[in-house]
Amino acid sequence: MAMSVEKLITGYVLSLLAALSVLAVYSEIRSRRFGPARKQDRIFRCERCGSIYTDDADVDRSRCSQCGTLNEPFEF
């Protein structure tokens, strides 16, 4: 039962690619499960000093960290 060199190399390369694909999928699943959850922050732009900053999504108005002015969220 002899195999050609081309079939051996192809089988070796395909098995390495399959193993790398499995490791990549496993790593992605693991990082999503144990990694920190992404927060949906709101973006604010100070009307007084022009500073741009973020705050929690549940905040309707936020105080600027530079000058202390209350600002509405910035809409794109």
# chains A, B, ... in the order shown; residues from 1 in each chain; ligands from 1
>>> select_by_dssp(residues="chain A", states="helix (DSSP H, G or I)", output="ChimeraX atom specification")
/A:5-34
>>> closest_residue(among="A:Ser51, A:Ala57, A:Arg45, A:Leu14", to="A:Asn71", atoms="only C-alpha atoms")
A:Arg45
>>> select_by_dssp(residues="chain A", states="strand (DSSP E or B)", output="ChimeraX atom specification")
/A:42-45,52-55,62-63,70-71,73
>>> write_last_selection(atoms="C-alpha atoms", output="compact mmCIF listing (two decimals), in the first residue's frame")
# COMPACT_ATOMS: atom_id res chain seq x y z
CA ARG A 42 -22.24 57.14 25.24
CA ILE A 43 -20.05 59.81 23.72
CA PHE A 44 -20.26 63.34 25.08
CA ARG A 45 -18.77 66.58 23.75
CA ILE A 52 -14.76 64.70 24.14
CA TYR A 53 -15.36 61.95 26.70
CA THR A 54 -17.50 58.86 27.34
CA ASP A 55 -19.86 57.84 30.10
CA SER A 62 -22.85 63.83 32.01
CA ARG A 63 -20.50 66.22 33.74
CA LEU A 70 -23.34 69.16 32.21
CA ASN A 71 -23.66 67.98 28.61
CA PRO A 73 -24.85 62.97 24.55
>>> atom_distance(atom1="atom CA of A:Glu28", atom2="atom CA of A:Gln40")
20.7 Å
>>> residues_around(residues="A:Gly68", least_positions_apart="4", cutoff="12 Å", atoms="only C-alpha atoms", output="list in words")
Cys46, Glu47, Arg48, Cys49, Gly50, Ser51, Arg61, Ser62, Arg63 and Cys64 of chain A
>>> write_last_selection(atoms="N, CA and C atoms", output="PDB file, in the first residue's frame")
ATOM      1  N   CYS A  46     -18.236  68.359  25.267  1.00  0.00           N
ATOM      2  CA  CYS A  46     -18.511  69.509  26.120  1.00  0.00           C
ATOM      3  C   CYS A  46     -18.776  70.743  25.262  1.00  0.00           C
ATOM      4  N   GLU A  47     -19.878  71.413  25.564  1.00  0.00           N
ATOM      5  CA  GLU A  47     -20.230  72.620  24.818  1.00  0.00           C
ATOM      6  C   GLU A  47     -19.354  73.803  25.213  1.00  0.00           C
ATOM      7  N   ARG A  48     -18.784  73.734  26.379  1.00  0.00           N
ATOM      8  CA  ARG A  48     -17.996  74.853  26.888  1.00  0.00           C
ATOM      9  C   ARG A  48     -16.520  74.774  26.470  1.00  0.00           C
ATOM     10  N   CYS A  49     -15.891  73.635  26.747  1.00  0.00           N
ATOM     11  CA  CYS A  49     -14.456  73.538  26.474  1.00  0.00           C
ATOM     12  C   CYS A  49     -14.116  72.666  25.259  1.00  0.00           C
ATOM     13  N   GLY A  50     -15.098  71.924  24.708  1.00  0.00           N
ATOM     14  CA  GLY A  50     -14.861  71.107  23.517  1.00  0.00           C
ATOM     15  C   GLY A  50     -14.267  69.746  23.786  1.00  0.00           C
ATOM     16  N   SER A  51     -14.116  69.376  25.047  1.00  0.00           N
ATOM     17  CA  SER A  51     -13.545  68.077  25.405  1.00  0.00           C
ATOM     18  C   SER A  51     -14.505  66.959  24.993  1.00  0.00           C
ATOM     19  N   ARG A  61     -27.350  62.845  31.000  1.00  0.00           N
ATOM     20  CA  ARG A  61     -26.474  64.020  30.992  1.00  0.00           C
ATOM     21  C   ARG A  61     -25.240  63.684  31.807  1.00  0.00           C
ATOM     22  N   SER A  62     -24.102  64.160  31.343  1.00  0.00           N
ATOM     23  CA  SER A  62     -22.850  63.828  32.014  1.00  0.00           C
ATOM     24  C   SER A  62     -22.038  65.095  32.258  1.00  0.00           C
ATOM     25  N   ARG A  63     -21.324  65.082  33.376  1.00  0.00           N
ATOM     26  CA  ARG A  63     -20.499  66.222  33.745  1.00  0.00           C
ATOM     27  C   ARG A  63     -19.119  66.080  33.106  1.00  0.00           C
ATOM     28  N   CYS A  64     -18.676  67.154  32.472  1.00  0.00           N
ATOM     29  CA  CYS A  64     -17.363  67.179  31.817  1.00  0.00           C
ATOM     30  C   CYS A  64     -16.267  67.054  32.880  1.00  0.00           C
TER      31      CYS A  64
END
>>> atom_distance(atom1="atom CA of A:Met3", atom2="atom CA of A:Ala18")
21.0 Å
>>> atom_distance(atom1="atom CA of A:Arg33", atom2="atom CA of A:Asp56")
22.3 Å
